[in-house]
$ cat protein.csv   # CSV, C-alpha atoms (C1' of nucleotides)
chain,number,residue,atom,x,y,z
B,21,MET,CA,277.3,94.6,-21.4
B,22,SER,CA,279.7,95.9,-23.9
B,23,SER,CA,280.3,99.6,-24.0
B,24,VAL,CA,280.4,101.7,-20.9
B,25,PRO,CA,279.1,105.2,-21.9
B,26,GLU,CA,281.0,108.4,-21.5
B,27,SER,CA,279.5,111.4,-19.7
B,28,LEU,CA,275.9,111.3,-18.2
B,29,GLU,CA,275.6,111.3,-14.4
B,30,ARG,CA,273.1,109.5,-12.4
B,31,LEU,CA,270.1,111.4,-11.2
B,32,GLU,CA,268.8,111.5,-7.7
B,33,VAL,CA,266.0,109.1,-7.3
B,34,ALA,CA,263.8,108.3,-4.3
B,35,LEU,CA,263.7,104.6,-4.7
B,36,THR,CA,266.3,102.0,-5.6
B,37,PRO,CA,265.6,100.1,-8.9
B,38,GLN,CA,264.6,97.1,-6.8
B,39,GLU,CA,262.0,99.2,-4.8
B,40,ARG,CA,260.8,100.9,-7.9
B,41,PHE,CA,260.3,97.5,-9.6
B,42,GLU,CA,258.5,96.1,-6.5
B,43,GLU,CA,256.1,99.0,-6.7
B,44,TYR,CA,255.4,98.4,-10.4
B,45,LEU,CA,254.8,94.7,-9.8
B,46,GLN,CA,252.4,95.4,-6.9
B,47,SER,CA,250.5,98.0,-9.0
B,48,LYS,CA,249.9,95.3,-11.6
B,49,GLY,CA,249.2,92.4,-9.2
B,50,GLN,CA,252.4,90.7,-10.2
B,51,ARG,CA,255.0,89.0,-8.0
B,52,GLN,CA,258.5,89.7,-7.0
B,53,THR,CA,260.6,86.5,-7.5
B,54,LYS,CA,264.2,85.4,-7.1
B,55,PRO,CA,265.1,85.5,-10.8
B,56,ARG,CA,263.7,89.0,-11.2
B,57,LYS,CA,265.5,90.3,-8.1
B,58,PHE,CA,268.7,88.7,-9.3
B,59,LEU,CA,268.4,90.2,-12.8
B,60,VAL,CA,267.7,93.7,-11.6
B,61,GLU,CA,270.7,93.5,-9.3
B,62,LYS,CA,273.0,92.2,-12.1
B,63,ILE,CA,271.8,94.8,-14.6
B,64,PHE,CA,272.0,97.8,-12.3
B,65,ALA,CA,275.4,96.8,-11.0
B,66,GLN,CA,276.9,98.4,-14.1
B,67,HIS,CA,276.0,101.1,-16.5
B,68,ALA,CA,276.3,99.7,-20.0
B,69,HIS,CA,274.5,99.0,-23.2
B,70,PHE,CA,273.7,95.3,-23.7
B,71,ASP,CA,271.5,92.9,-25.6
B,72,ALA,CA,269.8,89.8,-24.3
B,73,ASP,CA,272.6,87.5,-25.4
B,74,GLU,CA,275.3,89.6,-23.8
B,75,LEU,CA,273.3,89.6,-20.6
B,76,ILE,CA,272.8,85.9,-20.6
B,77,GLU,CA,276.5,85.3,-21.1
B,78,LYS,CA,277.2,87.2,-17.9
B,79,LEU,CA,274.7,85.1,-15.9
B,80,PRO,CA,275.3,81.7,-14.2
B,81,ARG,CA,275.2,78.7,-16.6
B,82,LYS,CA,272.6,76.0,-16.4
B,83,GLY,CA,273.2,73.9,-13.3
B,84,GLU,CA,274.9,76.7,-11.4
B,85,PRO,CA,273.2,78.6,-8.6
B,86,ASN,CA,271.0,81.5,-9.7
B,87,TYR,CA,270.6,80.1,-13.2
B,88,VAL,CA,267.9,81.9,-15.1
B,89,SER,CA,266.5,80.4,-18.3
B,90,SER,CA,266.8,82.6,-21.4
B,91,ALA,CA,263.0,82.6,-21.8
B,92,THR,CA,262.8,84.3,-18.4
B,93,VAL,CA,265.5,86.7,-19.3
B,94,TYR,CA,263.6,87.8,-22.4
B,95,ARG,CA,260.4,88.0,-20.4
B,96,SER,CA,262.0,90.0,-17.6
B,97,LEU,CA,263.7,92.5,-20.0
B,98,ARG,CA,260.2,93.3,-21.3
B,99,GLU,CA,258.9,93.8,-17.8
B,100,PHE,CA,261.8,96.1,-17.0
B,101,VAL,CA,261.1,98.2,-20.0
B,102,ASP,CA,257.4,98.4,-19.1
B,103,ALA,CA,258.3,99.3,-15.6
B,104,GLY,CA,260.5,102.2,-16.8
B,105,LEU,CA,263.7,100.6,-15.4
B,106,LEU,CA,265.2,100.0,-18.9
B,107,ASN,CA,265.1,101.6,-22.3
B,108,CYS,CA,265.5,99.6,-25.5
B,109,PHE,CA,266.2,100.4,-29.1
B,110,GLN,CA,267.2,98.6,-32.3
B,111,LEU,CA,270.8,98.6,-33.5
B,112,ASP,CA,272.0,96.5,-36.4
B,113,GLY,CA,269.0,94.2,-36.0
B,114,ARG,CA,269.5,93.4,-32.4
B,115,THR,CA,267.6,94.9,-29.4
B,116,VAL,CA,269.9,97.0,-27.2
B,117,TYR,CA,269.0,97.8,-23.6
B,118,GLU,CA,270.2,100.6,-21.4
B,119,LEU,CA,269.5,101.8,-17.9
B,120,ASP,CA,266.6,104.3,-17.8
B,121,TYR,CA,265.6,104.6,-14.2
B,122,GLY,CA,267.9,107.1,-12.5
B,123,TYR,CA,269.4,108.4,-15.7
B,124,PRO,CA,268.5,111.5,-17.8
B,125,PRO,CA,267.1,111.2,-21.3
B,126,HIS,CA,269.7,111.3,-24.0
B,127,ASP,CA,270.6,110.3,-27.5
B,128,HIS,CA,273.5,108.3,-29.0
B,129,LEU,CA,276.5,108.7,-31.2
B,130,TYR,CA,277.4,105.4,-32.7
B,131,CYS,CA,280.9,104.7,-33.9
B,132,THR,CA,280.7,102.4,-36.9
B,133,ARG,CA,284.4,101.5,-36.5
B,134,CYS,CA,284.5,100.3,-32.9
B,135,ARG,CA,280.8,100.0,-32.4
B,136,LYS,CA,280.9,102.1,-29.3
B,137,LEU,CA,277.8,104.0,-28.2
B,138,ILE,CA,278.4,107.5,-26.8
B,139,GLU,CA,275.6,109.2,-24.9
B,140,PHE,CA,274.9,112.9,-25.3
B,141,ARG,CA,272.2,115.3,-24.1
B,142,SER,CA,270.9,118.2,-26.2
B,143,GLU,CA,268.0,120.4,-25.1
B,144,GLU,CA,268.2,122.1,-28.5
B,145,LEU,CA,267.5,118.8,-30.2
B,146,ILE,CA,264.3,118.5,-28.3
B,147,ALA,CA,263.3,122.1,-29.2
B,148,THR,CA,264.1,121.5,-32.8
B,149,ARG,CA,262.1,118.3,-32.8
B,150,ASP,CA,259.1,119.9,-31.2
B,151,GLU,CA,259.2,122.8,-33.7
B,152,ALA,CA,259.3,120.4,-36.7
B,153,ALA,CA,256.5,118.3,-35.2
B,154,ALA,CA,254.3,121.4,-34.5
B,155,LYS,CA,254.4,122.3,-38.2
B,156,HIS,CA,252.6,119.0,-38.9
B,157,GLY,CA,250.2,119.3,-36.1
B,158,PHE,CA,251.9,116.2,-34.6
B,159,ARG,CA,251.7,115.6,-30.9
B,160,VAL,CA,255.1,114.3,-29.8
B,161,SER,CA,255.4,111.5,-27.2
B,162,GLY,CA,259.1,110.8,-27.6
B,163,HIS,CA,261.9,110.1,-30.1
B,164,ARG,CA,264.8,108.0,-30.9
B,165,MET,CA,267.9,109.4,-32.5
B,166,LEU,CA,271.1,107.7,-33.5
B,167,VAL,CA,274.0,109.6,-35.0
B,168,SER,CA,276.5,107.4,-36.9
B,169,GLY,CA,280.1,108.2,-37.6
B,170,VAL,CA,283.6,107.8,-36.2
B,171,CYS,CA,284.5,108.5,-32.6
B,172,ARG,CA,287.5,110.6,-31.5
B,173,GLU,CA,289.7,107.6,-30.6
B,174,CYS,CA,289.0,105.8,-33.9
B,175,SER,CA,289.8,109.0,-35.8
B,176,LYS,CA,293.1,109.3,-34.0
B,177,ASN,CA,294.1,105.7,-34.5
B,178,ARG,CA,293.3,105.8,-38.1
B,179,ARG,CA,295.5,108.9,-38.5
B,180,LYS,CA,298.3,107.3,-36.6
B,181,LYS,CA,298.0,104.2,-38.8
B,182,ARG,CA,298.2,106.3,-41.9
B,183,LYS,CA,301.3,108.1,-40.7
B,184,GLN,CA,302.9,104.7,-40.0
B,185,ASP,CA,302.0,103.5,-43.4
B,186,LEU,CA,303.8,106.5,-44.9
B,187,VAL,CA,307.1,105.7,-43.1
W,21,MET,CA,253.8,99.9,-50.0
W,22,SER,CA,251.6,101.2,-47.3
W,23,SER,CA,251.8,104.9,-46.4
W,24,VAL,CA,252.3,107.6,-49.0
W,25,PRO,CA,254.2,110.3,-47.3
W,26,GLU,CA,253.1,113.9,-47.1
W,27,SER,CA,255.3,116.8,-48.3
W,28,LEU,CA,258.8,116.3,-49.8
W,29,GLU,CA,259.1,116.9,-53.5
W,30,ARG,CA,261.3,115.1,-55.9
W,31,LEU,CA,264.7,116.5,-56.7
W,32,GLU,CA,266.1,117.0,-60.2
W,33,VAL,CA,268.4,114.2,-61.0
W,34,ALA,CA,270.5,113.5,-64.1
W,35,LEU,CA,269.9,109.8,-64.4
W,36,THR,CA,266.8,107.7,-64.0
W,37,PRO,CA,266.9,105.2,-61.2
W,38,GLN,CA,267.4,102.4,-63.8
W,39,GLU,CA,270.3,104.3,-65.3
W,40,ARG,CA,271.8,105.0,-62.0
W,41,PHE,CA,271.6,101.4,-60.9
W,42,GLU,CA,273.1,100.3,-64.2
W,43,GLU,CA,276.0,102.5,-63.5
W,44,TYR,CA,276.4,101.0,-60.1
W,45,LEU,CA,276.3,97.5,-61.4
W,46,GLN,CA,278.9,98.2,-64.0
W,47,SER,CA,281.2,99.8,-61.5
W,48,LYS,CA,281.1,96.6,-59.4
W,49,GLY,CA,281.3,94.2,-62.3
W,50,GLN,CA,277.8,93.0,-61.7
W,51,ARG,CA,275.0,92.4,-64.2
W,52,GLN,CA,271.7,93.9,-65.1
W,53,THR,CA,269.0,91.3,-65.2
W,54,LYS,CA,265.3,91.0,-65.8
W,55,PRO,CA,264.3,90.6,-62.1
W,56,ARG,CA,266.4,93.6,-61.1
W,57,LYS,CA,265.0,95.9,-63.8
W,58,PHE,CA,261.5,94.8,-62.9
W,59,LEU,CA,262.0,95.5,-59.2
W,60,VAL,CA,263.4,99.0,-59.8
W,61,GLU,CA,260.5,99.8,-62.0
W,62,LYS,CA,257.9,98.5,-59.6
W,63,ILE,CA,259.5,100.3,-56.6
W,64,PHE,CA,260.0,103.7,-58.2
W,65,ALA,CA,256.5,103.6,-59.7
W,66,GLN,CA,255.3,104.9,-56.4
W,67,HIS,CA,256.7,106.8,-53.5
W,68,ALA,CA,255.9,104.9,-50.3
W,69,HIS,CA,257.4,103.2,-47.3
W,70,PHE,CA,257.4,99.4,-47.6
W,71,ASP,CA,259.0,96.3,-46.2
W,72,ALA,CA,260.1,93.2,-48.1
W,73,ASP,CA,256.8,91.4,-47.4
W,74,GLU,CA,254.6,94.2,-48.6
W,75,LEU,CA,256.7,94.5,-51.8
W,76,ILE,CA,256.4,90.7,-52.4
W,77,GLU,CA,252.6,90.9,-52.1
W,78,LYS,CA,252.5,93.5,-54.9
W,79,LEU,CA,254.6,91.3,-57.2
W,80,PRO,CA,253.4,88.5,-59.5
W,81,ARG,CA,252.8,85.2,-57.8
W,82,LYS,CA,254.7,82.0,-58.5
W,83,GLY,CA,253.8,80.8,-62.0
W,84,GLU,CA,252.8,84.2,-63.3
W,85,PRO,CA,255.1,86.2,-65.7
W,86,ASN,CA,257.8,88.3,-64.0
W,87,TYR,CA,257.7,86.2,-60.9
W,88,VAL,CA,260.7,87.0,-58.6
W,89,SER,CA,261.6,84.7,-55.7
W,90,SER,CA,261.6,86.2,-52.3
W,91,ALA,CA,265.3,85.3,-52.0
W,92,THR,CA,266.0,87.5,-55.0
W,93,VAL,CA,263.8,90.3,-53.5
W,94,TYR,CA,265.8,90.3,-50.3
W,95,ARG,CA,269.1,90.2,-52.2
W,96,SER,CA,268.0,93.0,-54.6
W,97,LEU,CA,266.8,95.3,-51.8
W,98,ARG,CA,270.2,95.1,-50.3
W,99,GLU,CA,271.8,95.9,-53.6
W,100,PHE,CA,269.5,98.9,-54.0
W,101,VAL,CA,270.5,100.2,-50.6
W,102,ASP,CA,274.1,99.8,-51.5
W,103,ALA,CA,273.6,101.5,-54.8
W,104,GLY,CA,272.0,104.5,-53.0
W,105,LEU,CA,268.6,103.9,-54.7
W,106,LEU,CA,266.9,103.1,-51.4
W,107,ASN,CA,267.2,103.8,-47.7
W,108,CYS,CA,266.2,101.5,-45.0
W,109,PHE,CA,265.6,101.6,-41.3
W,110,GLN,CA,264.1,99.4,-38.5
W,111,LEU,CA,260.6,100.0,-37.3
W,112,ASP,CA,258.8,97.7,-34.9
W,113,GLY,CA,261.3,95.0,-35.7
W,114,ARG,CA,260.8,95.0,-39.5
W,115,THR,CA,263.1,96.6,-42.1
W,116,VAL,CA,261.3,99.5,-43.8
W,117,TYR,CA,262.5,100.8,-47.1
W,118,GLU,CA,262.0,104.1,-48.8
W,119,LEU,CA,263.1,105.8,-52.0
W,120,ASP,CA,266.4,107.6,-51.6
W,121,TYR,CA,267.6,108.4,-55.1
W,122,GLY,CA,265.9,111.6,-56.3
W,123,TYR,CA,264.6,112.6,-52.8
W,124,PRO,CA,266.0,115.0,-50.3
W,125,PRO,CA,267.3,113.7,-46.9
W,126,HIS,CA,264.7,113.9,-44.2
W,127,ASP,CA,263.4,112.4,-40.9
W,128,HIS,CA,260.2,110.8,-39.8
W,129,LEU,CA,257.3,111.4,-37.6
W,130,TYR,CA,255.6,108.1,-36.7
W,131,CYS,CA,252.0,108.0,-35.6
W,132,THR,CA,251.6,105.3,-33.0
W,133,ARG,CA,247.9,105.3,-33.6
W,134,CYS,CA,247.6,104.8,-37.3
W,135,ARG,CA,251.2,103.7,-38.0
W,136,LYS,CA,251.6,106.4,-40.6
W,137,LEU,CA,255.1,107.8,-41.4
W,138,ILE,CA,255.3,111.5,-42.1
W,139,GLU,CA,258.4,112.9,-43.6
W,140,PHE,CA,259.9,116.2,-42.6
W,141,ARG,CA,263.0,118.2,-43.3
W,142,SER,CA,264.9,120.3,-40.7
W,143,GLU,CA,268.1,122.0,-41.4
W,144,GLU,CA,268.3,123.0,-37.7
W,145,LEU,CA,268.2,119.4,-36.7
W,146,ILE,CA,271.3,118.8,-38.7
W,147,ALA,CA,273.0,121.8,-37.2
W,148,THR,CA,272.1,120.7,-33.7
W,149,ARG,CA,273.3,117.2,-34.4
W,150,ASP,CA,276.7,118.4,-35.7
W,151,GLU,CA,277.1,120.7,-32.7
W,152,ALA,CA,276.5,117.9,-30.3
W,153,ALA,CA,278.8,115.6,-32.1
W,154,ALA,CA,281.6,118.2,-32.3
W,155,LYS,CA,281.6,118.4,-28.5
W,156,HIS,CA,282.6,114.7,-28.5
W,157,GLY,CA,285.2,115.0,-31.3
W,158,PHE,CA,282.8,112.7,-33.3
W,159,ARG,CA,282.9,112.8,-37.1
W,160,VAL,CA,279.3,112.5,-38.3
W,161,SER,CA,278.5,110.4,-41.4
W,162,GLY,CA,274.7,110.4,-41.0
W,163,HIS,CA,271.9,109.9,-38.6
W,164,ARG,CA,268.5,108.3,-38.1
W,165,MET,CA,265.7,110.0,-36.2
W,166,LEU,CA,262.2,108.8,-35.5
W,167,VAL,CA,259.8,111.0,-33.6
W,168,SER,CA,256.9,109.1,-32.1
W,169,GLY,CA,253.5,110.5,-31.3
W,170,VAL,CA,250.0,111.1,-32.7
W,171,CYS,CA,249.4,112.7,-36.0
W,172,ARG,CA,246.9,115.6,-36.7
W,173,GLU,CA,244.2,113.3,-38.1
W,174,CYS,CA,244.3,110.9,-35.3
W,175,SER,CA,244.2,113.7,-32.8
W,176,LYS,CA,241.1,115.1,-34.5
W,177,ASN,CA,239.4,111.7,-34.7
W,178,ARG,CA,240.0,111.0,-31.1
W,179,ARG,CA,238.6,114.4,-30.1
W,180,LYS,CA,235.5,113.8,-32.2
W,181,LYS,CA,235.0,110.4,-30.7
W,182,ARG,CA,235.3,111.9,-27.2
W,183,LYS,CA,232.6,114.4,-28.1
W,184,GLN,CA,230.3,111.7,-29.4
W,185,ASP,CA,230.9,109.7,-26.2
W,186,LEU,CA,229.7,112.6,-24.2
W,187,VAL,CA,226.4,112.9,-26.1
V,24,DT,C1',245.7,77.7,-1.7
V,25,DT,C1',246.0,79.7,-6.1
V,26,DG,C1',247.2,82.3,-9.8
V,27,DG,C1',251.4,84.1,-11.4
V,28,DC,C1',256.2,82.5,-12.7
V,29,DT,C1',259.6,79.4,-14.3
V,30,DG,C1',262.2,76.1,-17.2
V,31,DC,C1',262.0,73.4,-21.1
V,32,DA,C1',261.4,72.6,-25.7
V,33,DA,C1',259.2,73.7,-29.7
V,34,DA,C1',257.4,77.1,-32.7
V,35,DG,C1',257.6,81.5,-35.0
V,36,DG,C1',258.9,85.2,-38.2
V,37,DG,C1',261.9,87.5,-41.0
V,38,DT,C1',266.0,87.0,-43.4
V,39,DT,C1',270.1,84.6,-45.3
V,40,DT,C1',272.5,80.8,-47.5
V,41,DG,C1',274.1,76.5,-50.3
V,42,DC,C1',273.6,74.6,-54.4
V,43,DA,C1',272.4,73.3,-59.0
V,44,DT,C1',270.8,75.7,-62.9
V,45,DC,C1',270.2,79.7,-65.8
V,46,DG,C1',271.3,83.7,-68.5
V,47,DC,C1',273.9,88.3,-69.1
V,48,DA,C1',278.1,90.5,-70.9
K,30,DT,C1',281.6,80.9,-72.7
K,31,DG,C1',282.3,82.0,-67.9
K,32,DC,C1',280.9,84.0,-64.0
K,33,DG,C1',277.3,86.3,-61.8
K,34,DA,C1',272.2,85.8,-60.7
K,35,DT,C1',268.2,83.1,-59.8
K,36,DG,C1',265.0,79.8,-57.5
K,37,DC,C1',264.3,76.5,-54.2
K,38,DA,C1',264.5,74.8,-49.8
K,39,DA,C1',266.8,74.5,-45.8
K,40,DA,C1',269.2,76.9,-42.3
K,41,DC,C1',269.6,80.8,-39.2
K,42,DC,C1',269.0,84.0,-35.5
K,43,DC,C1',266.6,86.1,-32.2
K,44,DT,C1',262.6,85.9,-29.7
K,45,DT,C1',258.1,84.2,-28.3
K,46,DT,C1',254.9,80.6,-26.7
K,47,DG,C1',252.5,76.3,-24.7
K,48,DC,C1',252.7,73.6,-21.0
K,49,DA,C1',253.5,71.2,-16.6
K,50,DG,C1',255.3,72.0,-12.3
K,51,DC,C1',256.7,75.5,-8.9
K,52,DC,C1',256.4,79.1,-5.5
K,53,DA,C1',255.3,83.8,-3.7
K,54,DA,C1',251.5,86.2,-1.6
$ encode --input "protein.csv" --output "structure tokens"
Amino acid sequence: MSSVPESLERLEVALTPQERFEEYLQSKGQRQTKPRKFLVEKIFAQHAHFDADELIEKLPRKGEPNYVSSATVYRSLREFVDAGLLNCFQLDGRTVYELDYGYPPHDHLYCTRCRKLIEFRSEELIATRDEAAAKHGFRVSGHRMLVSGVCRECSKNRRKKRKQDLV
Amino acid sequence: MSSVPESLERLEVALTPQERFEEYLQSKGQRQTKPRKFLVEKIFAQHAHFDADELIEKLPRKGEPNYVSSATVYRSLREFVDAGLLNCFQLDGRTVYELDYGYPPHDHLYCTRCRKLIEFRSEELIATRDEAAAKHGFRVSGHRMLVSGVCRECSKNRRKKRKQDLV
DNA sequence: TTGGCTGCAAAGGGTTTGCATCGCA
DNA sequence: TGCGATGCAAACCCTTTGCAGCCAA
């Protein structure tokens, strides 16, 4: 639960994440449980990118009420991705999750200085992607794009710092 | 050393990979050694995507001449990336390497059926990327894009299979 | 009541690291 | 000749898995 993304508004959706997950579970003959409900609630309470470890740190510790073992956290995160509630991708070797249900598709700018993830949408990117794929007779099902660089704030700070250095 | 990419021709470069690496080592006060030379030779002998494990399988076993320990393979691969000889990215949890020095920048189509990686170039993609980044005051240093889907061959095979199934 | 879910602990896989030795520059 | 590189084995990190007991449907 590190970086809160800029931009991107929530979409209108018919079901709450809980309801949507319930539906998914029923369709697969699986069960709604206390840990699962608790995790969905916690995760959708804020819009942020996070990995399993960061999530676990925000949860009750062993012995406290609503404790969830990390095995269950890992198992649940996979369910949530299958169910379309979450998205995940690899970043610096760790698996990063983000809310998917109720949010529009997008890509990320990744600031290598402050490690912030900034979301952005680009219809043109999709068009370009499909065009390139078509040239190879490739049927696209999706993509993952990460743009690395330095964000606005970090550029400013660096500039400020340099000016100070000169004084 | 699994999939040999389609398309993409080699660029003209002034130095051989060996020479280029030599230069890099000298600039950092590091040393050219037998294992390093051997690895550069092996890797640049073919143009393919590979991970550490696949590379190790192609190398001499323990006891044979030119054996290189896997610790050294891992250490060397990182050097090669630093030196600009190789590129690496994450795919299905493993680190995949590809030749960088002497090859033009590109992105990948990834067939989820046969796991083949197809390289493609798109200037428009770069333009679109930079445009999107500019809107956020983001200074781009690079990007990584992976398009998932089904390649031409797998589409054909599947169609053929379906026809057979109907007979 | 039963089959799916949980917590626990142990295993797993890919990669890194500490250390004594080796070998380039 | 000194410092960087190597091989070995152990450590590491993140994640998955086997199993006995638990609980939702």
$ closest_atom_pairs --input "protein.csv" --of "chain V" --to "chain W" --cutoff "12 Å" --atoms "all atoms listed in the file" --output "CSV"
residue,atom,partner,partner_atom,distance
V:DG36,C1',W:Arg114,CA,10.1
V:DG37,C1',W:Arg114,CA,7.7
V:DT38,C1',W:Tyr94,CA,7.7
V:DT39,C1',W:Ala91,CA,8.3
V:DT40,C1',W:Ala91,CA,9.6
V:DC45,C1',W:Thr53,CA,11.7
V:DG46,C1',W:Thr53,CA,8.6
V:DC47,C1',W:Arg51,CA,6.5
V:DA48,C1',W:Arg51,CA,7.6
$ write_last_selection --input "protein.csv" --atoms "C-alpha atoms (C1' of nucleotides)" --output "PDB file, keeping the file's coordinate frame"
ATOM      1  C1'  DG V  36     258.900  85.200 -38.200  1.00  0.00           C
ATOM      2  C1'  DG V  37     261.900  87.500 -41.000  1.00  0.00           C
ATOM      3  C1'  DT V  38     266.000  87.000 -43.400  1.00  0.00           C
ATOM      4  C1'  DT V  39     270.100  84.600 -45.300  1.00  0.00           C
ATOM      5  C1'  DT V  40     272.500  80.800 -47.500  1.00  0.00           C
ATOM      6  C1'  DC V  45     270.200  79.700 -65.800  1.00  0.00           C
ATOM      7  C1'  DG V  46     271.300  83.700 -68.500  1.00  0.00           C
ATOM      8  C1'  DC V  47     273.900  88.300 -69.100  1.00  0.00           C
ATOM      9  C1'  DA V  48     278.100  90.500 -70.900  1.00  0.00           C
TER      10       DA V  48
END
$ closest_atom_pairs --input "protein.csv" --of "chain K" --to "chain B" --cutoff "9 Å" --atoms "all atoms listed in the file" --output "Markdown table"
| residue | atom | partner | partner_atom | distance |
| --- | --- | --- | --- | --- |
| K:DC43 | C1' | B:Arg114 | CA | 7.9 |
| K:DT44 | C1' | B:Tyr94 | CA | 7.6 |
| K:DT45 | C1' | B:Ala91 | CA | 8.3 |
| K:DC52 | C1' | B:Thr53 | CA | 8.7 |
| K:DA53 | C1' | B:Arg51 | CA | 6.8 |
| K:DA54 | C1' | B:Arg51 | CA | 7.8 |
$ calpha_fit_rmsd --input "protein.csv" --fixed "chain W" --moving "chain B"
0.1 Å
$ closest_atom_pairs --input "protein.csv" --of "chain W" --to "chain B" --cutoff "10 Å" --atoms "all atoms listed in the file" --output "CSV"
residue,atom,partner,partner_atom,distance
W:Glu26,CA,B:His156,CA,9.7
W:Phe109,CA,B:Asp112,CA,9.5
W:Gln110,CA,B:Gln110,CA,7.0
W:Leu111,CA,B:Gln110,CA,8.4
W:Asp112,CA,B:Gln110,CA,8.8
W:Gly113,CA,B:Gln110,CA,7.7
W:Arg114,CA,B:Gly113,CA,9.0
W:Thr115,CA,B:Gly113,CA,8.8
W:Asp127,CA,B:Ala152,CA,9.9
W:His128,CA,B:Ala153,CA,9.5
W:Leu129,CA,B:Ala153,CA,7.3
W:Tyr130,CA,B:Phe158,CA,9.1
W:Cys131,CA,B:Phe158,CA,8.3
W:Thr132,CA,B:Ser161,CA,9.3
W:Ile138,CA,B:His156,CA,8.6
W:Glu139,CA,B:His156,CA,9.6
W:Phe140,CA,B:Ala152,CA,7.3
W:Arg141,CA,B:Ala152,CA,7.9
W:Ser142,CA,B:Ala152,CA,6.9
W:Glu143,CA,B:Thr148,CA,9.5
W:Glu144,CA,B:Thr148,CA,6.6
W:Leu145,CA,B:Thr148,CA,6.0
W:Ile146,CA,B:Leu145,CA,9.3
W:Ala147,CA,B:Leu145,CA,9.4
W:Thr148,CA,B:Leu145,CA,6.1
W:Arg149,CA,B:Leu145,CA,7.3
W:Asp150,CA,B:Val167,CA,9.2
W:Glu151,CA,B:Ser142,CA,9.3
W:Ala152,CA,B:Ser142,CA,6.9
W:Ala153,CA,B:Leu129,CA,7.3
W:Ala154,CA,B:Arg172,CA,9.7
W:Lys155,CA,B:Phe140,CA,9.2
W:His156,CA,B:Arg172,CA,7.1
W:Gly157,CA,B:Arg172,CA,5.0
W:Phe158,CA,B:Cys171,CA,4.6
W:Arg159,CA,B:Val170,CA,5.1
W:Val160,CA,B:Gly169,CA,4.4
W:Ser161,CA,B:Gly169,CA,4.7
W:Gly162,CA,B:Ser168,CA,5.4
W:His163,CA,B:Val167,CA,4.2
W:Arg164,CA,B:Leu166,CA,5.3
W:Met165,CA,B:Met165,CA,4.3
W:Leu166,CA,B:Arg164,CA,5.3
W:Val167,CA,B:His163,CA,4.2
W:Ser168,CA,B:Gly162,CA,5.3
W:Gly169,CA,B:Val160,CA,4.4
W:Val170,CA,B:Arg159,CA,5.1
W:Cys171,CA,B:Phe158,CA,4.5
W:Arg172,CA,B:Gly157,CA,5.0
W:Glu173,CA,B:Gly157,CA,8.7
W:Cys174,CA,B:Phe158,CA,9.3
W:Ser175,CA,B:Arg159,CA,8.0
$ residues_around --input "protein.csv" --residues "B:Glu118" --least-positions-apart "2" --cutoff "7 Å" --atoms "only C-alpha atoms (C1' of nucleotides)" --output "MDAnalysis selection string"
chainID B and resid 68:70 106:108 116 120
$ atom_distance --input "protein.csv" --atom1 "atom CA of W:Leu28" --atom2 "atom CA of W:Gln66"
13.6 Å
$ residues_around --input "protein.csv" --residues "B:Leu35" --least-positions-apart "6" --cutoff "12 Å" --atoms "all atoms listed in the file" --output "ChimeraX atom specification"
/B:41-44,105,121-122
$ residues_around --input "protein.csv" --residues "V:DG41" --least-positions-apart "5" --cutoff "12 Å" --atoms "only C-alpha atoms (C1' of nucleotides)" --output "list in words"
DC37, DA38, DA39 and DA40 of chain K
$ atom_distance --input "protein.csv" --atom1 "atom CA of B:Phe58" --atom2 "atom CA of B:Asn86"
7.6 Å
$ atom_distance --input "protein.csv" --atom1 "atom CA of B:Ser96" --atom2 "atom C1' of V:DT25"
22.2 Å
$ residues_around --input "protein.csv" --residues "stretch 30-33 of chain V" --least-positions-apart "5" --cutoff "12 Å" --atoms "all atoms listed in the file" --output "short mmCIF file (atom, residue, chain, number, x, y, z; two decimals) with C-alpha atoms (C1' of nucleotides), keeping the file's coordinate frame"
data_model
loop_
_atom_site.label_atom_id
_atom_site.label_comp_id
_atom_site.auth_asym_id
_atom_site.auth_seq_id
_atom_site.Cartn_x
_atom_site.Cartn_y
_atom_site.Cartn_z
CA PRO B 55 265.10 85.50 -10.80
CA LYS B 82 272.60 76.00 -16.40
CA GLY B 83 273.20 73.90 -13.30
CA TYR B 87 270.60 80.10 -13.20
CA VAL B 88 267.90 81.90 -15.10
CA SER B 89 266.50 80.40 -18.30
CA SER B 90 266.80 82.60 -21.40
CA ALA B 91 263.00 82.60 -21.80
CA THR B 92 262.80 84.30 -18.40
CA VAL B 93 265.50 86.70 -19.30
"C1'" DT K 45 258.10 84.20 -28.30
"C1'" DT K 46 254.90 80.60 -26.70
"C1'" DG K 47 252.50 76.30 -24.70
"C1'" DC K 48 252.70 73.60 -21.00
"C1'" DA K 49 253.50 71.20 -16.60
"C1'" DG K 50 255.30 72.00 -12.30
"C1'" DC K 51 256.70 75.50 -8.90
#
